[in-house]
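J.: For reference, the file entry.pdb (PDB, C-alpha atoms and all ligand atoms) is included below:
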ATOM      1  CA  MET A   1      89.321 100.873 101.625  1.00  0.00           C
ATOM      2  CA  ILE A   2      88.058 103.014  98.734  1.00  0.00           C
ATOM      3  CA  ARG A   3      88.600 106.747  99.306  1.00  0.00           C
ATOM      4  CA  ILE A   4      86.755 109.669  97.725  1.00  0.00           C
ATOM      5  CA  ALA A   5      88.990 112.705  97.098  1.00  0.00           C
ATOM      6  CA  PRO A   6      86.919 115.836  96.378  1.00  0.00           C
ATOM      7  CA  SER A   7      88.665 118.077  93.844  1.00  0.00           C
ATOM      8  CA  ILE A   8      88.557 121.793  94.702  1.00  0.00           C
ATOM      9  CA  LEU A   9      88.868 122.860  91.052  1.00  0.00           C
ATOM     10  CA  THR A  10      85.198 123.740  90.607  1.00  0.00           C
ATOM     11  CA  TRP A  11      84.110 124.355  94.184  1.00  0.00           C
ATOM     12  CA  ASP A  12      82.812 127.746  95.378  1.00  0.00           C
ATOM     13  CA  TYR A  13      86.013 129.684  96.140  1.00  0.00           C
ATOM     14  CA  THR A  14      83.986 132.262  98.065  1.00  0.00           C
ATOM     15  CA  ASP A  15      82.788 129.655 100.538  1.00  0.00           C
ATOM     16  CA  ILE A  16      85.895 127.556 101.274  1.00  0.00           C
ATOM     17  CA  GLY A  17      85.499 127.346 105.041  1.00  0.00           C
ATOM     18  CA  ARG A  18      81.908 126.073 104.936  1.00  0.00           C
ATOM     19  CA  THR A  19      82.592 123.629 102.104  1.00  0.00           C
ATOM     20  CA  LEU A  20      85.596 122.223 103.968  1.00  0.00           C
ATOM     21  CA  ARG A  21      83.410 121.613 107.050  1.00  0.00           C
ATOM     22  CA  VAL A  22      80.778 119.836 104.948  1.00  0.00           C
ATOM     23  CA  ILE A  23      83.452 117.655 103.314  1.00  0.00           C
ATOM     24  CA  GLU A  24      85.061 116.826 106.676  1.00  0.00           C
ATOM     25  CA  LYS A  25      81.678 115.959 108.205  1.00  0.00           C
ATOM     26  CA  SER A  26      81.052 113.546 105.302  1.00  0.00           C
ATOM     27  CA  GLY A  27      83.869 111.327 106.544  1.00  0.00           C
ATOM     28  CA  ILE A  28      86.274 112.336 103.784  1.00  0.00           C
ATOM     29  CA  ASP A  29      89.958 112.277 104.744  1.00  0.00           C
ATOM     30  CA  ILE A  30      91.633 113.563 101.553  1.00  0.00           C
ATOM     31  CA  LEU A  31      91.266 116.690  99.382  1.00  0.00           C
ATOM     32  CA  HIS A  32      92.460 116.833  95.753  1.00  0.00           C
ATOM     33  CA  LEU A  33      94.031 120.118  94.637  1.00  0.00           C
ATOM     34  CA  ASP A  34      94.329 120.593  90.884  1.00  0.00           C
ATOM     35  CA  VAL A  35      97.208 122.971  90.143  1.00  0.00           C
ATOM     36  CA  MET A  36      97.270 124.209  86.532  1.00  0.00           C
ATOM     37  CA  ASP A  37      99.778 126.546  84.852  1.00  0.00           C
ATOM     38  CA  GLY A  38      98.148 127.370  81.492  1.00  0.00           C
ATOM     39  CA  HIS A  39     101.043 125.670  79.688  1.00  0.00           C
ATOM     40  CA  PHE A  40     100.897 121.956  80.431  1.00  0.00           C
ATOM     41  CA  VAL A  41      97.110 122.325  80.331  1.00  0.00           C
ATOM     42  CA  PRO A  42      95.050 125.090  78.657  1.00  0.00           C
ATOM     43  CA  ASN A  43      93.765 126.449  81.983  1.00  0.00           C
ATOM     44  CA  ILE A  44      95.137 128.262  85.034  1.00  0.00           C
ATOM     45  CA  SER A  45      93.894 127.382  88.515  1.00  0.00           C
ATOM     46  CA  PHE A  46      95.877 128.281  91.647  1.00  0.00           C
ATOM     47  CA  GLY A  47      99.345 128.080  93.284  1.00  0.00           C
ATOM     48  CA  PRO A  48     100.997 127.451  96.653  1.00  0.00           C
ATOM     49  CA  ALA A  49      99.260 130.417  98.332  1.00  0.00           C
ATOM     50  CA  VAL A  50      95.839 128.793  97.953  1.00  0.00           C
ATOM     51  CA  VAL A  51      97.213 125.444  99.101  1.00  0.00           C
ATOM     52  CA  GLU A  52      98.656 127.155 102.191  1.00  0.00           C
ATOM     53  CA  SER A  53      95.389 128.897 103.030  1.00  0.00           C
ATOM     54  CA  ILE A  54      93.577 125.559 102.847  1.00  0.00           C
ATOM     55  CA  ARG A  55      96.322 123.871 104.897  1.00  0.00           C
ATOM     56  CA  ASN A  56      95.719 126.409 107.666  1.00  0.00           C
ATOM     57  CA  LYS A  57      92.013 125.548 107.686  1.00  0.00           C
ATOM     58  CA  THR A  58      91.919 121.732 107.647  1.00  0.00           C
ATOM     59  CA  ASP A  59      93.684 118.529 108.690  1.00  0.00           C
ATOM     60  CA  LEU A  60      92.568 116.685 105.558  1.00  0.00           C
ATOM     61  CA  THR A  61      95.354 115.015 103.561  1.00  0.00           C
ATOM     62  CA  LEU A  62      96.234 117.481 100.792  1.00  0.00           C
ATOM     63  CA  ASP A  63      96.674 115.580  97.534  1.00  0.00           C
ATOM     64  CA  VAL A  64      98.310 118.072  95.149  1.00  0.00           C
ATOM     65  CA  HIS A  65      97.996 117.221  91.455  1.00  0.00           C
ATOM     66  CA  LEU A  66     100.563 119.271  89.490  1.00  0.00           C
ATOM     67  CA  MET A  67      99.337 119.778  85.935  1.00  0.00           C
ATOM     68  CA  ILE A  68     102.273 122.071  85.229  1.00  0.00           C
ATOM     69  CA  GLU A  69     105.440 122.091  83.171  1.00  0.00           C
ATOM     70  CA  LYS A  70     108.767 121.601  85.011  1.00  0.00           C
ATOM     71  CA  PRO A  71     107.043 120.318  88.178  1.00  0.00           C
ATOM     72  CA  GLU A  72     110.468 119.685  89.744  1.00  0.00           C
ATOM     73  CA  ASN A  73     110.868 123.461  90.113  1.00  0.00           C
ATOM     74  CA  PHE A  74     107.806 123.732  92.372  1.00  0.00           C
ATOM     75  CA  ILE A  75     108.029 120.698  94.655  1.00  0.00           C
ATOM     76  CA  ASN A  76     109.593 122.718  97.452  1.00  0.00           C
ATOM     77  CA  ASP A  77     106.967 125.476  97.219  1.00  0.00           C
ATOM     78  CA  PHE A  78     104.091 123.010  97.492  1.00  0.00           C
ATOM     79  CA  LYS A  79     105.809 121.107 100.290  1.00  0.00           C
ATOM     80  CA  ASN A  80     106.186 124.391 102.233  1.00  0.00           C
ATOM     81  CA  ALA A  81     102.553 125.219 101.455  1.00  0.00           C
ATOM     82  CA  GLY A  82     101.502 122.034 103.242  1.00  0.00           C
ATOM     83  CA  ALA A  83     101.056 119.347 100.583  1.00  0.00           C
ATOM     84  CA  ASP A  84     101.028 115.756 101.864  1.00  0.00           C
ATOM     85  CA  ILE A  85     101.072 114.090  98.429  1.00  0.00           C
ATOM     86  CA  ILE A  86     102.540 115.610  95.265  1.00  0.00           C
ATOM     87  CA  THR A  87     101.725 114.059  91.902  1.00  0.00           C
ATOM     88  CA  VAL A  88     103.613 114.993  88.752  1.00  0.00           C
ATOM     89  CA  HIS A  89     102.699 114.154  85.163  1.00  0.00           C
ATOM     90  CA  VAL A  90     104.937 111.700  83.360  1.00  0.00           C
ATOM     91  CA  GLU A  91     104.420 113.889  80.264  1.00  0.00           C
ATOM     92  CA  ALA A  92     105.785 116.982  82.053  1.00  0.00           C
ATOM     93  CA  ALA A  93     108.591 115.771  84.311  1.00  0.00           C
ATOM     94  CA  ASN A  94     112.073 116.216  82.928  1.00  0.00           C
ATOM     95  CA  LYS A  95     113.488 113.191  84.775  1.00  0.00           C
ATOM     96  CA  LEU A  96     110.629 111.283  86.393  1.00  0.00           C
ATOM     97  CA  SER A  97     112.861 109.404  88.847  1.00  0.00           C
ATOM     98  CA  ARG A  98     114.426 112.643  89.986  1.00  0.00           C
ATOM     99  CA  ALA A  99     111.074 114.315  90.549  1.00  0.00           C
ATOM    100  CA  ILE A 100     109.817 111.297  92.526  1.00  0.00           C
ATOM    101  CA  GLU A 101     113.024 111.242  94.588  1.00  0.00           C
ATOM    102  CA  MET A 102     112.746 114.994  95.295  1.00  0.00           C
ATOM    103  CA  ILE A 103     109.169 114.566  96.578  1.00  0.00           C
ATOM    104  CA  LYS A 104     110.053 111.615  98.804  1.00  0.00           C
ATOM    105  CA  LYS A 105     113.181 113.339 100.131  1.00  0.00           C
ATOM    106  CA  LYS A 106     110.840 116.049 101.438  1.00  0.00           C
ATOM    107  CA  GLY A 107     109.006 113.358 103.408  1.00  0.00           C
ATOM    108  CA  LEU A 108     105.921 113.497 101.178  1.00  0.00           C
ATOM    109  CA  LYS A 109     104.081 110.763  99.272  1.00  0.00           C
ATOM    110  CA  ALA A 110     104.913 110.729  95.569  1.00  0.00           C
ATOM    111  CA  GLY A 111     102.411 110.215  92.764  1.00  0.00           C
ATOM    112  CA  VAL A 112     102.773 109.998  89.030  1.00  0.00           C
ATOM    113  CA  SER A 113      99.946 110.855  86.652  1.00  0.00           C
ATOM    114  CA  LEU A 114      99.192 109.732  83.091  1.00  0.00           C
ATOM    115  CA  ASN A 115      96.937 111.452  80.590  1.00  0.00           C
ATOM    116  CA  PRO A 116      94.320 109.195  78.988  1.00  0.00           C
ATOM    117  CA  GLY A 117      96.445 108.764  75.868  1.00  0.00           C
ATOM    118  CA  THR A 118      99.676 107.893  77.709  1.00  0.00           C
ATOM    119  CA  GLY A 119     100.546 104.190  77.976  1.00  0.00           C
ATOM    120  CA  LEU A 120     101.555 102.361  81.148  1.00  0.00           C
ATOM    121  CA  ASN A 121     104.994 101.669  79.662  1.00  0.00           C
ATOM    122  CA  SER A 122     105.912 105.233  80.608  1.00  0.00           C
ATOM    123  CA  VAL A 123     105.683 104.399  84.340  1.00  0.00           C
ATOM    124  CA  LYS A 124     106.238 100.634  84.512  1.00  0.00           C
ATOM    125  CA  ASP A 125     109.819 101.067  85.750  1.00  0.00           C
ATOM    126  CA  HIS A 126     108.764 103.536  88.460  1.00  0.00           C
ATOM    127  CA  LEU A 127     105.945 101.638  90.151  1.00  0.00           C
ATOM    128  CA  SER A 128     108.141 100.536  93.063  1.00  0.00           C
ATOM    129  CA  GLU A 129     109.238 104.147  93.642  1.00  0.00           C
ATOM    130  CA  VAL A 130     105.786 105.755  93.849  1.00  0.00           C
ATOM    131  CA  ASP A 131     103.025 105.732  96.459  1.00  0.00           C
ATOM    132  CA  MET A 132     100.280 106.388  93.909  1.00  0.00           C
ATOM    133  CA  VAL A 133      99.507 106.311  90.188  1.00  0.00           C
ATOM    134  CA  LEU A 134      96.878 108.810  89.025  1.00  0.00           C
ATOM    135  CA  LEU A 135      95.127 107.736  85.823  1.00  0.00           C
ATOM    136  CA  MET A 136      93.310 110.640  84.155  1.00  0.00           C
ATOM    137  CA  THR A 137      89.875 109.696  82.882  1.00  0.00           C
ATOM    138  CA  VAL A 138      89.543 113.047  81.086  1.00  0.00           C
ATOM    139  CA  ASN A 139      92.107 115.145  79.233  1.00  0.00           C
ATOM    140  CA  PRO A 140      93.432 117.374  82.024  1.00  0.00           C
ATOM    141  CA  GLY A 141      92.576 121.056  82.294  1.00  0.00           C
ATOM    142  CA  PHE A 142      88.927 121.344  83.240  1.00  0.00           C
ATOM    143  CA  GLY A 143      86.338 119.907  85.578  1.00  0.00           C
ATOM    144  CA  LYS A 144      82.814 118.921  84.429  1.00  0.00           C
ATOM    145  CA  GLN A 145      84.102 116.848  81.494  1.00  0.00           C
ATOM    146  CA  LYS A 146      82.767 113.490  80.310  1.00  0.00           C
ATOM    147  CA  PHE A 147      84.333 110.344  81.765  1.00  0.00           C
ATOM    148  CA  MET A 148      86.436 108.411  79.228  1.00  0.00           C
ATOM    149  CA  LYS A 149      85.410 104.736  79.465  1.00  0.00           C
ATOM    150  CA  SER A 150      88.384 103.825  77.269  1.00  0.00           C
ATOM    151  CA  VAL A 151      90.683 104.242  80.306  1.00  0.00           C
ATOM    152  CA  ILE A 152      89.051 101.370  82.239  1.00  0.00           C
ATOM    153  CA  PRO A 153      91.226  98.622  80.657  1.00  0.00           C
ATOM    154  CA  LYS A 154      94.294 100.682  81.638  1.00  0.00           C
ATOM    155  CA  ILE A 155      93.111 100.766  85.263  1.00  0.00           C
ATOM    156  CA  ARG A 156      92.653  96.987  85.154  1.00  0.00           C
ATOM    157  CA  GLU A 157      96.082  96.404  83.596  1.00  0.00           C
ATOM    158  CA  LEU A 158      97.785  98.672  86.144  1.00  0.00           C
ATOM    159  CA  LYS A 159      96.066  96.865  89.014  1.00  0.00           C
ATOM    160  CA  GLU A 160      97.265  93.519  87.631  1.00  0.00           C
ATOM    161  CA  ILE A 161     100.865  94.752  87.369  1.00  0.00           C
ATOM    162  CA  ILE A 162     100.808  96.197  90.912  1.00  0.00           C
ATOM    163  CA  SER A 163      99.295  92.991  92.335  1.00  0.00           C
ATOM    164  CA  LYS A 164     101.686  90.717  90.407  1.00  0.00           C
ATOM    165  CA  LYS A 165     104.708  92.653  91.687  1.00  0.00           C
ATOM    166  CA  SER A 166     103.143  92.807  95.193  1.00  0.00           C
ATOM    167  CA  LEU A 167     103.565  96.566  95.215  1.00  0.00           C
ATOM    168  CA  ASN A 168     101.256  98.767  97.229  1.00  0.00           C
ATOM    169  CA  ALA A 169     100.873 101.885  95.109  1.00  0.00           C
ATOM    170  CA  ASP A 170      97.385 103.379  95.251  1.00  0.00           C
ATOM    171  CA  ILE A 171      95.464 103.789  91.998  1.00  0.00           C
ATOM    172  CA  GLU A 172      93.693 107.150  91.816  1.00  0.00           C
ATOM    173  CA  VAL A 173      91.349 108.099  88.973  1.00  0.00           C
ATOM    174  CA  ASP A 174      90.440 111.657  88.102  1.00  0.00           C
ATOM    175  CA  GLY A 175      87.881 113.074  85.729  1.00  0.00           C
ATOM    176  CA  GLY A 176      84.148 112.796  85.203  1.00  0.00           C
ATOM    177  CA  ILE A 177      83.602 110.361  88.072  1.00  0.00           C
ATOM    178  CA  ASN A 178      79.939 109.973  89.043  1.00  0.00           C
ATOM    179  CA  LEU A 179      77.417 107.519  90.491  1.00  0.00           C
ATOM    180  CA  LEU A 180      77.308 105.426  87.328  1.00  0.00           C
ATOM    181  CA  ASN A 181      80.990 104.980  86.532  1.00  0.00           C
ATOM    182  CA  ALA A 182      82.364 104.913  90.103  1.00  0.00           C
ATOM    183  CA  PRO A 183      81.541 101.198  90.623  1.00  0.00           C
ATOM    184  CA  MET A 184      83.214 100.377  87.289  1.00  0.00           C
ATOM    185  CA  VAL A 185      86.509 102.113  88.143  1.00  0.00           C
ATOM    186  CA  VAL A 186      86.541 100.495  91.603  1.00  0.00           C
ATOM    187  CA  GLN A 187      85.844  97.088  90.095  1.00  0.00           C
ATOM    188  CA  ALA A 188      88.761  97.706  87.671  1.00  0.00           C
ATOM    189  CA  GLY A 189      91.098  98.359  90.608  1.00  0.00           C
ATOM    190  CA  ALA A 190      91.024 102.072  91.518  1.00  0.00           C
ATOM    191  CA  ASN A 191      90.999 102.818  95.252  1.00  0.00           C
ATOM    192  CA  ILE A 192      90.990 106.646  95.272  1.00  0.00           C
ATOM    193  CA  LEU A 193      88.302 108.480  93.277  1.00  0.00           C
ATOM    194  CA  VAL A 194      88.694 112.180  92.541  1.00  0.00           C
ATOM    195  CA  VAL A 195      85.297 113.831  92.280  1.00  0.00           C
ATOM    196  CA  GLY A 196      84.405 117.421  91.529  1.00  0.00           C
ATOM    197  CA  ASN A 197      81.364 118.234  89.479  1.00  0.00           C
ATOM    198  CA  TYR A 198      79.299 115.282  90.719  1.00  0.00           C
ATOM    199  CA  ILE A 199      79.330 116.576  94.297  1.00  0.00           C
ATOM    200  CA  TYR A 200      79.309 120.338  93.650  1.00  0.00           C
ATOM    201  CA  SER A 201      76.482 120.188  91.095  1.00  0.00           C
ATOM    202  CA  ALA A 202      74.328 118.314  93.625  1.00  0.00           C
ATOM    203  CA  ARG A 203      71.854 120.267  95.793  1.00  0.00           C
ATOM    204  CA  ASN A 204      73.480 118.758  98.866  1.00  0.00           C
ATOM    205  CA  ILE A 205      77.221 117.936  98.856  1.00  0.00           C
ATOM    206  CA  SER A 206      77.085 115.524 101.782  1.00  0.00           C
ATOM    207  CA  LYS A 207      74.150 113.600 100.304  1.00  0.00           C
ATOM    208  CA  ALA A 208      76.045 113.307  97.002  1.00  0.00           C
ATOM    209  CA  ILE A 209      79.096 111.973  98.847  1.00  0.00           C
ATOM    210  CA  GLU A 210      76.898 109.519 100.768  1.00  0.00           C
ATOM    211  CA  SER A 211      75.313 108.198  97.561  1.00  0.00           C
ATOM    212  CA  LEU A 212      78.733 107.802  95.981  1.00  0.00           C
ATOM    213  CA  LYS A 213      79.978 105.876  99.032  1.00  0.00           C
ATOM    214  CA  LYS A 214      76.947 103.588  98.807  1.00  0.00           C
ATOM    215  CA  ALA A 215      77.444 103.023  95.081  1.00  0.00           C
ATOM    216  CA  ILE A 216      81.047 101.881  95.524  1.00  0.00           C
ATOM    217  CA  LYS A 217      80.268  99.741  98.561  1.00  0.00           C
ATOM    218  CA  ASN A 218      77.940  97.390  96.669  1.00  0.00           C
TER     219      ASN A 218
HETATM  220  C1  LIG B   1      91.015 117.842  85.241  1.00  0.00           C
HETATM  221  C2  LIG B   1      90.788 117.831  86.724  1.00  0.00           C
HETATM  222  C3  LIG B   1      89.370 117.320  86.966  1.00  0.00           C
HETATM  223  C4  LIG B   1      88.883 117.458  88.355  1.00  0.00           C
HETATM  224  C5  LIG B   1      87.695 116.542  88.597  1.00  0.00           C
HETATM  225  O1  LIG B   1      92.284 118.280  84.938  1.00  0.00           O
HETATM  226  O2  LIG B   1      91.773 117.048  87.390  1.00  0.00           O
HETATM  227  O3  LIG B   1      89.348 115.967  86.574  1.00  0.00           O
HETATM  228  O4  LIG B   1      89.831 117.233  89.254  1.00  0.00           O
HETATM  229  O5  LIG B   1      86.659 117.185  88.051  1.00  0.00           O
HETATM  230  P1  LIG B   1      85.278 116.510  87.664  1.00  0.00           P
HETATM  231  O6  LIG B   1      84.940 115.501  88.725  1.00  0.00           O
HETATM  232  O7  LIG B   1      84.342 117.706  87.665  1.00  0.00           O
HETATM  233  O8  LIG B   1      85.493 115.894  86.338  1.00  0.00           O
HETATM  234 ZN    ZN B   2      93.310 116.221  89.444  1.00  0.00          ZN
END
Could I get this structure in the form of structure tokens?
T.:
Amino acid sequence: MIRIAPSILTWDYTDIGRTLRVIEKSGIDILHLDVMDGHFVPNISFGPAVVESIRNKTDLTLDVHLMIEKPENFINDFKNAGADIITVHVEAANKLSRAIEMIKKKGLKAGVSLNPGTGLNSVKDHLSEVDMVLLMTVNPGFGKQKFMKSVIPKIRELKEIISKKSLNADIEVDGGINLLNAPMVVQAGANILVVGNYIYSARNISKAIESLKKAIKN
């Protein structure tokens, strides 16, 4: 089952309640929360307080993407804020295994994320430990960027490795996903698509989600 995970990075922060209802009514079951610290990425977004306010408003799975330095130091805060999945960047974690273990010990699902320029070798030994691998299809930091087609072979290679080892980690892609490239990333092996700008720039969010669902079904 292919899942669409709306990112909240570029949504209308003054209209959270209504947007959440629209997303829930579109049959979405997961929300992607892009946490940025201005150090690991050149942008600042939000922290645990925003995650907690969203937690109190929805039952959607909260998929927290930590684009921060020393993510190990904040796992507890985001767990207490209501995260269901916490993803750390392989480029930021001090000891990746330890960060993954900390997340799982809290009873959460653990994800590891790679920037477009980071090779799969950096996570190959951790694939049996994680529930999800998040492959960035833009350089992290901002929404509304252009999808990087060069990441597609990496999605394919990761899918092959996961299938060969009969692992069941999800493959999530994040960055510049739209109607045109969504079928390509699904065909390459991704099963969770993070989408921001494509749905929020549309006149009607639910119609945009519907068209995306149709595009990946074919
Ligand atoms: C980048 C962010 C974005 C965002 C998706 O660091 O992770 O990729 O979630 O934004 P769009 O869909 O607007 O590229
Ligand atoms: Zn993200």
J.: What would the selection look like, as an NGL selection string, if the PyMOL selection byres (((chain A and resi 133-139) around 10) and not hetatm) were run on the coordinates I just shared?
T.: :A and (41 or 65 or 87-89 or 110-118 or 120 or 123 or 126-127 or 130-132 or 140-152 or 154-155 or 158 or 169-177 or 185 or 190 or 192-194)
J.: CA of Phe46 in chain A to CA of Thr61 in chain A: how many Å, to one decimal?
T.: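 A separation of 17.8 Å between them.
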J.: So, counting all atoms listed in the file, which residue among A:Ser206, A:Asn197, A:Asn43, A:Asn80 is closest to Ser7 in chain A?
T.: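 With all atoms listed in the file as the atom set, the closest residue is A:Asn197.
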J.: May I have the residues at most 12 Å from (106.3, 94.4, 94.9) in the file's coordinates, counting all atoms listed in the file, as a list in words?
T.: Asp125, His126, Leu127, Ser128, Glu129, Val130, Asp131, Glu160, Ile161, Ile162, Ser163, Lys164, Lys165, Ser166, Leu167, Asn168 and Ala169 of chain A
J.: For Lys104 in chain A, which residue out of A:Val50, A:Val186, A:Ala83, A:Ile16 is the nearest one, using only C-alpha atoms?
T.: A:Ala83
J.: With the file shown as input, list the residues that the PyMOL selection byres (((chain A and resi 63) around 7) and not hetatm) selects, as an MDAnalysis selection string.
T.: chainID A and resid 30:33 61:62 64:65 83:86
J.: Which one of A:Phe40, A:Lys213, A:Leu20, A:Gly27 sits closest to Ser53 in chain A if you count only C-alpha atoms?
T.: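 Checking each candidate against Ser53 in chain A, we get A:Leu20 as the closest.
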J.: Hey, what comes out of the PyMOL selection byres (((chain A and resi 72) around 9) and not hetatm) on this file? Could you write it as a ChimeraX atom specification?
T.: /A:69-71,73-76,88,93-95,98-100,102-103
J.: Take the selection from the previous step and output its residues with C-alpha atoms, as a PDB file, in the frame of the given file.
T.:
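Everything below was put into out.pdb:
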ATOM      1  CA  GLU A  69     105.440 122.091  83.171  1.00  0.00           C
ATOM      2  CA  LYS A  70     108.767 121.601  85.011  1.00  0.00           C
ATOM      3  CA  PRO A  71     107.043 120.318  88.178  1.00  0.00           C
ATOM      4  CA  ASN A  73     110.868 123.461  90.113  1.00  0.00           C
ATOM      5  CA  PHE A  74     107.806 123.732  92.372  1.00  0.00           C
ATOM      6  CA  ILE A  75     108.029 120.698  94.655  1.00  0.00           C
ATOM      7  CA  ASN A  76     109.593 122.718  97.452  1.00  0.00           C
ATOM      8  CA  VAL A  88     103.613 114.993  88.752  1.00  0.00           C
ATOM      9  CA  ALA A  93     108.591 115.771  84.311  1.00  0.00           C
ATOM     10  CA  ASN A  94     112.073 116.216  82.928  1.00  0.00           C
ATOM     11  CA  LYS A  95     113.488 113.191  84.775  1.00  0.00           C
ATOM     12  CA  ARG A  98     114.426 112.643  89.986  1.00  0.00           C
ATOM     13  CA  ALA A  99     111.074 114.315  90.549  1.00  0.00           C
ATOM     14  CA  ILE A 100     109.817 111.297  92.526  1.00  0.00           C
ATOM     15  CA  MET A 102     112.746 114.994  95.295  1.00  0.00           C
ATOM     16  CA  ILE A 103     109.169 114.566  96.578  1.00  0.00           C
TER      17      ILE A 103
END
J.: What gap, in Å, lies between CA of Ala182 in chain A and atom C1 of ligand LIG 1 (chain B)?
T.: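 Atom C1 of ligand LIG 1 (chain B) lies 16.3 Å from CA of Ala182 in chain A.
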J.: Go ahead and compute the interatomic distance for CA of Glu210 in chain A and CA of Leu179 in chain A, in Å to one decimal.
T.: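 For CA of Glu210 in chain A relative to CA of Leu179 in chain A, the distance reads 10.5 Å.
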J.: Rank A:Ala188, A:Leu66, A:Ile54, A:Ala81 by their smallest atom-to-atom distance to ligand LIG 1 (chain B), using only C-alpha atoms and all ligand atoms, and report the top residue only.
T.: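 Nearest to ligand LIG 1 (chain B): A:Leu66.
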J.: Identify which of the residues A:Ile205, A:Ile4, A:Val195, A:Leu9 lies closest to Asn178 in chain A, counting only C-alpha atoms when measuring atom-to-atom distances.
T.: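 Between A:Ile205, A:Ile4, A:Val195, A:Leu9, the residue approaching Asn178 in chain A most closely is A:Val195.
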J.: When you write range 30-43 of chain A out from the block above, keep N, CA, C and O atoms and present the result as a PDB file, in the first residue's frame, please.
T.:
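part14.pdb written:
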ATOM      1  N   ILE A  30      -1.101   9.544   7.743  1.00  0.00           N
ATOM      2  CA  ILE A  30       0.228   9.877   8.293  1.00  0.00           C
ATOM      3  C   ILE A  30       0.564  11.319   7.940  1.00  0.00           C
ATOM      4  O   ILE A  30       0.244  11.811   6.848  1.00  0.00           O
ATOM      5  N   LEU A  31       1.179  12.034   8.899  1.00  0.00           N
ATOM      6  CA  LEU A  31       1.541  13.445   8.708  1.00  0.00           C
ATOM      7  C   LEU A  31       3.048  13.557   8.918  1.00  0.00           C
ATOM      8  O   LEU A  31       3.592  12.980   9.879  1.00  0.00           O
ATOM      9  N   HIS A  32       3.727  14.274   8.019  1.00  0.00           N
ATOM     10  CA  HIS A  32       5.191  14.388   8.068  1.00  0.00           C
ATOM     11  C   HIS A  32       5.574  15.744   8.650  1.00  0.00           C
ATOM     12  O   HIS A  32       5.167  16.790   8.147  1.00  0.00           O
ATOM     13  N   LEU A  33       6.357  15.703   9.755  1.00  0.00           N
ATOM     14  CA  LEU A  33       6.698  16.952  10.446  1.00  0.00           C
ATOM     15  C   LEU A  33       8.189  17.213  10.331  1.00  0.00           C
ATOM     16  O   LEU A  33       9.009  16.488  10.912  1.00  0.00           O
ATOM     17  N   ASP A  34       8.515  18.261   9.563  1.00  0.00           N
ATOM     18  CA  ASP A  34       9.921  18.574   9.269  1.00  0.00           C
ATOM     19  C   ASP A  34      10.510  19.507  10.312  1.00  0.00           C
ATOM     20  O   ASP A  34      10.247  20.705  10.298  1.00  0.00           O
ATOM     21  N   VAL A  35      11.304  18.946  11.210  1.00  0.00           N
ATOM     22  CA  VAL A  35      11.927  19.722  12.293  1.00  0.00           C
ATOM     23  C   VAL A  35      13.313  20.171  11.844  1.00  0.00           C
ATOM     24  O   VAL A  35      14.129  19.358  11.407  1.00  0.00           O
ATOM     25  N   MET A  36      13.564  21.481  11.892  1.00  0.00           N
ATOM     26  CA  MET A  36      14.834  22.032  11.405  1.00  0.00           C
ATOM     27  C   MET A  36      15.437  22.963  12.452  1.00  0.00           C
ATOM     28  O   MET A  36      14.719  23.742  13.079  1.00  0.00           O
ATOM     29  N   ASP A  37      16.785  22.880  12.608  1.00  0.00           N
ATOM     30  CA  ASP A  37      17.413  23.626  13.725  1.00  0.00           C
ATOM     31  C   ASP A  37      18.281  24.801  13.275  1.00  0.00           C
ATOM     32  O   ASP A  37      18.924  25.454  14.080  1.00  0.00           O
ATOM     33  N   GLY A  38      18.370  25.042  11.951  1.00  0.00           N
ATOM     34  CA  GLY A  38      19.206  26.160  11.493  1.00  0.00           C
ATOM     35  C   GLY A  38      20.693  25.842  11.531  1.00  0.00           C
ATOM     36  O   GLY A  38      21.521  26.693  11.213  1.00  0.00           O
ATOM     37  N   HIS A  39      21.039  24.627  11.935  1.00  0.00           N
ATOM     38  CA  HIS A  39      22.459  24.223  11.932  1.00  0.00           C
ATOM     39  C   HIS A  39      22.674  23.077  10.948  1.00  0.00           C
ATOM     40  O   HIS A  39      23.418  23.206   9.982  1.00  0.00           O
ATOM     41  N   PHE A  40      21.946  21.982  11.159  1.00  0.00           N
ATOM     42  CA  PHE A  40      22.091  20.866  10.209  1.00  0.00           C
ATOM     43  C   PHE A  40      21.583  21.279   8.835  1.00  0.00           C
ATOM     44  O   PHE A  40      22.091  20.854   7.801  1.00  0.00           O
ATOM     45  N   VAL A  41      20.561  22.127   8.844  1.00  0.00           N
ATOM     46  CA  VAL A  41      20.031  22.703   7.588  1.00  0.00           C
ATOM     47  C   VAL A  41      19.930  24.226   7.770  1.00  0.00           C
ATOM     48  O   VAL A  41      19.786  24.704   8.896  1.00  0.00           O
ATOM     49  N   PRO A  42      20.013  24.983   6.692  1.00  0.00           N
ATOM     50  CA  PRO A  42      20.022  26.453   6.794  1.00  0.00           C
ATOM     51  C   PRO A  42      18.610  27.033   6.951  1.00  0.00           C
ATOM     52  O   PRO A  42      18.256  28.020   6.324  1.00  0.00           O
ATOM     53  N   ASN A  43      17.803  26.430   7.798  1.00  0.00           N
ATOM     54  CA  ASN A  43      16.440  26.927   8.020  1.00  0.00           C
ATOM     55  C   ASN A  43      16.002  26.467   9.411  1.00  0.00           C
ATOM     56  O   ASN A  43      16.511  25.464   9.929  1.00  0.00           O
TER      57      ASN A  43
END
